[in-house]
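Student: This one is query.pdb, PDB, C-alpha atoms.
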```pdb
ATOM      1  CA  MET A   1      58.968 240.517  35.742
ATOM      2  CA  SER A   2      56.274 242.753  34.208
ATOM      3  CA  ASN A   3      52.992 243.537  35.910
ATOM      4  CA  LYS A   4      51.131 241.575  33.258
ATOM      5  CA  SER A   5      53.180 238.458  33.938
ATOM      6  CA  THR A   6      52.540 238.842  37.651
ATOM      7  CA  GLN A   7      48.817 239.135  37.073
ATOM      8  CA  ASP A   8      48.777 236.172  34.731
ATOM      9  CA  ASP A   9      50.592 234.079  37.344
ATOM     10  CA  GLU A  10      48.478 235.280  40.252
ATOM     11  CA  LEU A  11      46.749 231.907  40.570
ATOM     12  CA  ALA A  12      49.834 229.868  39.734
ATOM     13  CA  GLY A  13      50.566 227.298  42.409
ATOM     14  CA  THR A  14      47.143 227.581  44.020
ATOM     15  CA  GLU A  15      45.880 224.322  42.554
ATOM     16  CA  GLN A  16      44.782 221.773  45.148
ATOM     17  CA  PRO A  17      44.313 217.999  44.953
ATOM     18  CA  PHE A  18      40.782 216.756  44.344
ATOM     19  CA  VAL A  19      40.585 215.184  47.812
ATOM     20  CA  GLN A  20      41.510 218.511  49.382
ATOM     21  CA  HIS A  21      38.701 220.186  47.429
ATOM     22  CA  LEU A  22      36.268 217.621  48.822
ATOM     23  CA  MET A  23      37.524 218.237  52.362
ATOM     24  CA  GLU A  24      37.115 221.983  51.884
ATOM     25  CA  LEU A  25      33.587 221.444  50.549
ATOM     26  CA  ARG A  26      32.784 219.238  53.544
ATOM     27  CA  ASP A  27      34.016 221.909  55.953
ATOM     28  CA  ARG A  28      31.960 224.636  54.255
ATOM     29  CA  LEU A  29      28.844 222.470  54.353
ATOM     30  CA  LEU A  30      29.423 221.794  58.041
ATOM     31  CA  TYR A  31      29.770 225.523  58.703
ATOM     32  CA  CYS A  32      26.427 226.047  56.950
ATOM     33  CA  ILE A  33      24.807 223.324  59.058
ATOM     34  CA  TYR A  34      26.253 224.819  62.261
ATOM     35  CA  GLY A  35      24.877 228.242  61.324
ATOM     36  CA  ILE A  36      21.428 226.854  60.557
ATOM     37  CA  ALA A  37      21.420 224.804  63.773
ATOM     38  CA  LEU A  38      22.309 227.890  65.833
ATOM     39  CA  ALA A  39      19.590 229.955  64.159
ATOM     40  CA  VAL A  40      17.014 227.181  64.687
ATOM     41  CA  ALA A  41      17.981 226.891  68.354
ATOM     42  CA  VAL A  42      17.562 230.638  68.891
ATOM     43  CA  LEU A  43      14.259 230.742  67.012
ATOM     44  CA  ALA A  44      12.976 227.735  68.968
ATOM     45  CA  ILE A  45      13.427 229.785  72.138
ATOM     46  CA  TRP A  46      12.040 233.014  70.719
ATOM     47  CA  PRO A  47       9.584 233.549  69.129
ATOM     48  CA  GLY A  48       9.161 229.766  69.078
ATOM     49  CA  PRO A  49       7.413 227.562  66.497
ATOM     50  CA  ASN A  50       3.956 228.791  67.524
ATOM     51  CA  GLY A  51       4.976 232.406  67.118
ATOM     52  CA  LEU A  52       6.408 231.727  63.659
ATOM     53  CA  ILE A  53       3.277 229.858  62.583
ATOM     54  CA  ASP A  54       1.076 232.721  63.799
ATOM     55  CA  PHE A  55       3.219 235.224  61.883
ATOM     56  CA  ILE A  56       3.223 233.451  58.521
ATOM     57  CA  ALA A  57      -0.498 232.643  58.874
ATOM     58  CA  GLN A  58      -1.489 236.301  59.256
ATOM     59  CA  PRO A  59      -2.106 236.938  55.517
ATOM     60  CA  ILE A  60      -4.668 234.146  55.154
ATOM     61  CA  LYS A  61      -6.274 234.583  58.584
ATOM     62  CA  ALA A  62      -6.990 238.204  57.697
ATOM     63  CA  HIS A  63      -9.427 236.908  55.067
ATOM     64  CA  MET A  64     -11.044 234.220  57.235
ATOM     65  CA  PRO A  65     -13.894 234.604  59.751
ATOM     66  CA  PRO A  66     -12.692 235.893  63.147
ATOM     67  CA  ASP A  67     -13.233 232.559  64.921
ATOM     68  CA  ALA A  68     -11.874 230.397  62.061
ATOM     69  CA  LYS A  69      -8.584 228.536  62.366
ATOM     70  CA  LEU A  70      -6.271 226.648  60.050
ATOM     71  CA  ILE A  71      -6.674 222.900  60.414
ATOM     72  CA  ALA A  72      -4.178 220.047  60.534
ATOM     73  CA  VAL A  73      -5.472 217.128  58.470
ATOM     74  CA  GLY A  74      -2.445 214.859  58.715
ATOM     75  CA  VAL A  75      -1.818 212.840  61.864
ATOM     76  CA  PHE A  76       1.739 214.141  62.232
ATOM     77  CA  SER A  77       1.116 217.644  60.823
ATOM     78  CA  PRO A  78       0.970 219.345  64.261
ATOM     79  CA  PHE A  79       4.560 218.188  64.831
ATOM     80  CA  PHE A  80       6.187 218.317  61.393
ATOM     81  CA  VAL A  81       4.702 221.600  60.122
ATOM     82  CA  PRO A  82       6.100 223.789  62.956
ATOM     83  CA  LEU A  83       9.425 221.968  62.613
ATOM     84  CA  LYS A  84       9.423 222.656  58.865
ATOM     85  CA  VAL A  85       8.675 226.329  59.427
ATOM     86  CA  LEU A  86      11.396 226.532  62.060
ATOM     87  CA  MET A  87      13.954 225.064  59.643
ATOM     88  CA  MET A  88      12.799 227.343  56.828
ATOM     89  CA  VAL A  89      13.098 230.530  58.888
ATOM     90  CA  GLY A  90      16.436 229.349  60.290
ATOM     91  CA  MET A  91      17.868 228.922  56.789
ATOM     92  CA  LEU A  92      16.574 232.332  55.736
ATOM     93  CA  ALA A  93      18.056 233.948  58.831
ATOM     94  CA  VAL A  94      21.566 232.725  57.988
ATOM     95  CA  LEU A  95      21.300 233.108  54.209
ATOM     96  CA  PRO A  96      24.217 235.602  54.083
ATOM     97  CA  TRP A  97      26.340 233.142  56.071
ATOM     98  CA  ILE A  98      25.491 230.328  53.635
ATOM     99  CA  MET A  99      26.336 232.515  50.645
ATOM    100  CA  TYR A 100      29.593 233.555  52.318
ATOM    101  CA  GLN A 101      30.589 229.898  52.709
ATOM    102  CA  LEU A 102      29.906 229.382  49.021
ATOM    103  CA  TRP A 103      32.116 232.369  48.214
ATOM    104  CA  ALA A 104      34.851 231.143  50.548
ATOM    105  CA  PHE A 105      34.866 227.800  48.730
ATOM    106  CA  VAL A 106      35.370 229.329  45.275
ATOM    107  CA  ALA A 107      37.503 232.311  46.403
ATOM    108  CA  PRO A 108      40.889 230.554  45.933
ATOM    109  CA  GLY A 109      40.106 230.269  42.224
ATOM    110  CA  LEU A 110      39.301 233.975  41.820
ATOM    111  CA  TYR A 111      41.619 236.822  40.895
ATOM    112  CA  SER A 112      42.107 239.635  43.402
ATOM    113  CA  HIS A 113      40.034 242.098  41.352
ATOM    114  CA  GLU A 114      37.201 239.548  41.317
ATOM    115  CA  LYS A 115      37.381 238.932  45.070
ATOM    116  CA  ARG A 116      36.856 242.631  45.749
ATOM    117  CA  PHE A 117      33.348 242.494  44.345
ATOM    118  CA  ALA A 118      32.309 239.040  45.510
ATOM    119  CA  LEU A 119      31.248 240.114  49.009
ATOM    120  CA  PRO A 120      29.255 243.163  47.804
ATOM    121  CA  LEU A 121      27.417 240.894  45.372
ATOM    122  CA  ILE A 122      26.701 238.398  48.159
ATOM    123  CA  THR A 123      25.354 241.207  50.340
ATOM    124  CA  PHE A 124      23.267 242.631  47.500
ATOM    125  CA  GLY A 125      21.970 239.164  46.559
ATOM    126  CA  SER A 126      20.974 238.390  50.153
ATOM    127  CA  LEU A 127      19.223 241.741  50.453
ATOM    128  CA  LEU A 128      17.292 241.123  47.225
ATOM    129  CA  ALA A 129      16.223 237.681  48.477
ATOM    130  CA  TYR A 130      14.953 239.185  51.740
ATOM    131  CA  VAL A 131      13.099 241.912  49.828
ATOM    132  CA  GLY A 132      11.465 239.272  47.621
ATOM    133  CA  ILE A 133      10.343 237.199  50.606
ATOM    134  CA  ALA A 134       9.072 240.272  52.465
ATOM    135  CA  PHE A 135       7.187 241.282  49.316
ATOM    136  CA  VAL A 136       5.450 237.899  49.372
ATOM    137  CA  GLN A 137       4.631 238.016  53.074
ATOM    138  CA  PHE A 138       3.342 241.576  53.310
ATOM    139  CA  PHE A 139       1.808 242.171  49.874
ATOM    140  CA  VAL A 140       1.402 239.178  47.568
ATOM    141  CA  LEU A 141      -0.234 236.784  50.049
ATOM    142  CA  ASP A 142      -2.709 239.372  51.284
ATOM    143  CA  LYS A 143      -3.814 240.333  47.767
ATOM    144  CA  MET A 144      -3.793 236.735  46.542
ATOM    145  CA  PHE A 145      -5.940 235.349  49.386
ATOM    146  CA  GLY A 146      -8.258 238.330  49.178
ATOM    147  CA  PHE A 147      -8.762 237.543  45.481
ATOM    148  CA  ILE A 148      -9.283 233.814  46.113
ATOM    149  CA  GLN A 149     -11.579 234.239  49.101
ATOM    150  CA  GLY A 150     -13.726 236.563  47.011
ATOM    151  CA  PHE A 151     -14.774 233.542  44.939
ATOM    152  CA  THR A 152     -15.667 231.402  47.964
ATOM    153  CA  PRO A 153     -19.463 230.865  48.236
ATOM    154  CA  GLU A 154     -21.066 231.856  51.522
ATOM    155  CA  SER A 155     -22.220 228.282  52.042
ATOM    156  CA  VAL A 156     -18.591 227.050  51.982
ATOM    157  CA  ALA A 157     -16.358 227.346  55.062
ATOM    158  CA  ALA A 158     -12.811 228.112  53.923
ATOM    159  CA  THR A 159     -10.617 226.289  56.470
ATOM    160  CA  PRO A 160      -7.295 225.571  54.721
ATOM    161  CA  ASP A 161      -4.932 222.831  55.849
ATOM    162  CA  ILE A 162      -1.841 224.225  57.551
ATOM    163  CA  ALA A 163       0.464 221.752  55.774
ATOM    164  CA  SER A 164      -0.727 222.734  52.291
ATOM    165  CA  TYR A 165      -0.628 226.416  53.266
ATOM    166  CA  VAL A 166       2.976 226.217  54.432
ATOM    167  CA  GLU A 167       3.935 224.283  51.311
ATOM    168  CA  ALA A 168       2.307 226.931  49.107
ATOM    169  CA  ILE A 169       4.001 229.895  50.739
ATOM    170  CA  LEU A 170       7.366 228.087  50.795
ATOM    171  CA  SER A 171       7.165 227.719  47.025
ATOM    172  CA  LEU A 172       6.298 231.420  46.723
ATOM    173  CA  TYR A 173       9.178 232.430  49.003
ATOM    174  CA  LEU A 174      11.556 230.391  46.870
ATOM    175  CA  ALA A 175      10.139 231.688  43.577
ATOM    176  CA  PHE A 176      10.310 235.351  44.570
ATOM    177  CA  GLY A 177      13.661 234.998  46.330
ATOM    178  CA  LEU A 178      15.192 233.558  43.148
ATOM    179  CA  ALA A 179      13.340 235.921  40.811
ATOM    180  CA  PHE A 180      14.676 238.931  42.678
ATOM    181  CA  GLN A 181      18.227 237.775  41.810
ATOM    182  CA  VAL A 182      17.716 238.964  38.215
ATOM    183  CA  PRO A 183      20.035 242.000  38.618
ATOM    184  CA  ILE A 184      22.822 239.783  39.984
ATOM    185  CA  VAL A 185      22.498 237.339  37.087
ATOM    186  CA  VAL A 186      22.456 240.145  34.515
ATOM    187  CA  MET A 187      25.539 241.828  36.004
ATOM    188  CA  LEU A 188      27.487 238.560  36.116
ATOM    189  CA  LEU A 189      26.562 237.703  32.526
ATOM    190  CA  VAL A 190      27.951 241.047  31.373
ATOM    191  CA  ARG A 191      30.986 240.938  33.660
ATOM    192  CA  PHE A 192      32.137 237.538  32.381
ATOM    193  CA  GLY A 193      31.581 238.513  28.760
ATOM    194  CA  ILE A 194      28.779 236.030  28.122
ATOM    195  CA  VAL A 195      26.497 238.738  26.773
ATOM    196  CA  GLU A 196      26.832 242.437  25.961
ATOM    197  CA  ILE A 197      24.687 245.219  27.366
ATOM    198  CA  ASP A 198      23.369 246.104  23.905
ATOM    199  CA  LYS A 199      22.140 242.534  23.513
ATOM    200  CA  LEU A 200      20.384 242.725  26.868
ATOM    201  CA  LYS A 201      18.635 245.917  25.807
ATOM    202  CA  SER A 202      17.476 244.366  22.535
ATOM    203  CA  PHE A 203      16.291 241.283  24.469
ATOM    204  CA  ARG A 204      14.088 243.445  26.701
ATOM    205  CA  GLY A 205      10.840 242.620  24.888
ATOM    206  CA  TYR A 206      11.546 238.889  24.945
ATOM    207  CA  PHE A 207      12.372 239.038  28.646
ATOM    208  CA  ILE A 208       8.986 240.587  29.415
ATOM    209  CA  VAL A 209       7.292 237.631  27.727
ATOM    210  CA  LEU A 210       9.657 235.216  29.523
ATOM    211  CA  ALA A 211       8.908 236.848  32.889
ATOM    212  CA  PHE A 212       5.161 236.354  32.450
ATOM    213  CA  VAL A 213       5.672 232.752  31.339
ATOM    214  CA  ILE A 214       7.809 232.020  34.408
ATOM    215  CA  ALA A 215       5.244 233.735  36.656
ATOM    216  CA  ALA A 216       2.446 231.655  35.158
ATOM    217  CA  VAL A 217       4.385 228.436  35.824
ATOM    218  CA  VAL A 218       5.712 228.993  39.358
ATOM    219  CA  THR A 219       2.844 230.910  40.959
ATOM    220  CA  PRO A 220      -0.722 229.818  41.803
ATOM    221  CA  PRO A 221      -3.294 230.215  39.017
ATOM    222  CA  ASP A 222      -4.409 233.718  39.998
ATOM    223  CA  VAL A 223      -3.651 236.935  38.171
ATOM    224  CA  ILE A 224      -2.558 238.790  41.321
ATOM    225  CA  SER A 225       0.441 236.612  42.177
ATOM    226  CA  GLN A 226       1.420 236.290  38.520
ATOM    227  CA  LEU A 227       1.511 240.049  38.033
ATOM    228  CA  ALA A 228       3.246 240.486  41.396
ATOM    229  CA  LEU A 229       6.105 238.280  40.177
ATOM    230  CA  ALA A 230       6.322 239.272  36.501
ATOM    231  CA  VAL A 231       6.270 243.052  36.949
ATOM    232  CA  PRO A 232       9.100 243.195  39.542
ATOM    233  CA  MET A 233      11.167 240.830  37.366
ATOM    234  CA  CYS A 234      10.850 243.249  34.437
ATOM    235  CA  LEU A 235      11.806 246.200  36.637
ATOM    236  CA  LEU A 236      14.734 244.311  38.141
ATOM    237  CA  TYR A 237      15.913 243.424  34.633
ATOM    238  CA  GLU A 238      16.238 247.140  33.939
ATOM    239  CA  VAL A 239      18.069 247.588  37.248
ATOM    240  CA  GLY A 240      20.416 244.785  36.195
ATOM    241  CA  ILE A 241      21.194 246.482  32.876
ATOM    242  CA  ILE A 242      22.019 249.752  34.659
ATOM    243  CA  GLY A 243      24.065 247.936  37.306
ATOM    244  CA  ALA A 244      25.900 245.893  34.675
ATOM    245  CA  GLY A 245      27.141 249.051  32.986
ATOM    246  CA  TRP A 246      28.538 250.323  36.273
ATOM    247  CA  PHE A 247      29.850 246.932  37.379
ATOM    248  CA  ALA A 248      31.647 246.343  34.070
ATOM    249  CA  LYS A 249      33.590 249.580  34.621
ATOM    250  CA  VAL A 250      34.564 249.277  38.263
ATOM    251  CA  ALA A 251      35.358 245.537  38.136
ATOM    252  CA  ARG A 252      37.673 245.635  35.154
ATOM    253  CA  LYS A 253      40.833 243.562  35.131
ATOM    254  CA  PRO A 254      44.031 245.491  35.981
ATOM    255  CA  GLU A 255      45.564 244.627  32.600
ATOM    256  CA  ASP A 256      42.529 246.102  30.843
ATOM    257  CA  GLU A 257      42.954 249.360  32.754
ATOM    258  CA  GLU A 258      46.662 249.458  31.879
ATOM    259  CA  ALA A 259      45.865 248.903  28.215
ATOM    260  CA  ASP A 260      43.445 251.838  28.221
ATOM    261  CA  GLN A 261      45.999 254.083  29.927
ATOM    262  CA  ALA A 262      48.664 253.085  27.405
TER     263      ALA A 262
END
```
Let me see whether you can do it: turn the structure in this file into structure tokens.

Tutor:
Amino acid sequence: MSNKSTQDDELAGTEQPFVQHLMELRDRLLYCIYGIALAVAVLAIWPGPNGLIDFIAQPIKAHMPPDAKLIAVGVFSPFFVPLKVLMMVGMLAVLPWIMYQLWAFVAPGLYSHEKRFALPLITFGSLLAYVGIAFVQFFVLDKMFGFIQGFTPESVAATPDIASYVEAILSLYLAFGLAFQVPIVVMLLVRFGIVEIDKLKSFRGYFIVLAFVIAAVVTPPDVISQLALAVPMCLLYEVGIIGAGWFAKVARKPEDEEADQA
């Protein structure tokens, strides 16, 4: 049997019944839940919910009077907000584990040359998500609250509600974490033949407009956070184009390489 026939039949016989797919999905979801539960348990011990709240509140407290504190308006906010933060940080801590479970679920349907690059992409995607969240925590929030507090009259005491604050930064974490996946999306689009690199280059101007539109929709109505999201997206788009050219070469199908050699 020729090499081409072997490659074409690589996935032959790997089909599974629908019920077995559901059982596999259930197991992967349970593994994700176990990982999150372990991370939450560890974080509950150290640094604890209070320590996490103090950490994520640093950007806004830096622009409040020294003796000012965030307030809890809701009756149950003192209980649910720390729990929400604990769950959020726990999920972020095990993000690579969650993405690995997703890969493990779809891996049986991938060819061997595709599996080789799945884990590097998962690692790179997780790293980009962490960079995006760190960018929010250590740069965007500080500049954004500094800009907003600059418009607060002296006769007004700015004492934000902790629940609304946590909700706002959660949305920013999610927005930047997803936006920083632009290189991964671009590389996958090229790798699976959905779009060519030349098309991506010609689409560059439209993407800049799209990036600013997305930033205007998902970020608060201040120019600082909008620029902080749109500009990195444009830069990451260029990184994706460069990475797609490299990824398209090193992740080629074996039969394509044989055809070139022939």

Student: With distances taken over only C-alpha atoms, which residue among A:Val19, A:Lys61, A:Leu43, A:Val106 lies nearest A:Gln149?

Tutor: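 Selected residue with least distance to A:Gln149: A:Lys61.
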
Student: Determine the residue membership of the PyMOL selection byres ((chain A and resi 44-56) around 9) for the file above and supply it as a short mmCIF file (atom, residue, chain, number, x, y, z; two decimals) with C-alpha atoms, in the coordinates of the input.

Tutor:
```
data_model
loop_
_atom_site.label_atom_id
_atom_site.label_comp_id
_atom_site.auth_asym_id
_atom_site.auth_seq_id
_atom_site.Cartn_x
_atom_site.Cartn_y
_atom_site.Cartn_z
CA ALA A 39 19.59 229.96 64.16
CA VAL A 40 17.01 227.18 64.69
CA ALA A 41 17.98 226.89 68.35
CA VAL A 42 17.56 230.64 68.89
CA LEU A 43 14.26 230.74 67.01
CA ALA A 57 -0.50 232.64 58.87
CA GLN A 58 -1.49 236.30 59.26
CA PRO A 59 -2.11 236.94 55.52
CA ILE A 60 -4.67 234.15 55.15
CA VAL A 81 4.70 221.60 60.12
CA PRO A 82 6.10 223.79 62.96
CA LEU A 83 9.43 221.97 62.61
CA VAL A 85 8.68 226.33 59.43
CA LEU A 86 11.40 226.53 62.06
CA VAL A 89 13.10 230.53 58.89
CA GLN A 137 4.63 238.02 53.07
CA VAL A 166 2.98 226.22 54.43
CA ILE A 169 4.00 229.90 50.74
#
```

Student: Quick check on the file I pasted: which residues fall under the PyMOL selection byres ((chain A and resi 242) around 12)? Write them as a list in words.

Tutor: Pro183, Ile184, Val186, Met187, Val190, Ile197, Asp198, Leu200, Lys201, Leu235, Leu236, Tyr237, Glu238, Val239, Gly240, Ile241, Gly243, Ala244, Gly245, Trp246, Phe247, Ala248 and Lys249 of chain A

Student: Rank nothing, just name the residue among A:Ile148, A:Ala134, A:Ala211, A:Leu128 nearest to A:Tyr173, using all atoms listed in the file.

Tutor: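 So, comparing all the options, the nearest one is A:Ala134.
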
Student: Between atom CA of A:Phe147 and atom CA of A:Ser225, what is the distance, to one decimal in Å?

Tutor: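 If I compute the distance from atom CA of A:Phe147 to atom CA of A:Ser225, I get 9.8 Å.
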
Student: Which residues come within 9 Å of A:Tyr130, counting all atoms listed in the file, excluding same-chain residues fewer than 5 positions away, as a ChimeraX atom specification?

Tutor: /A:92,125,135,177
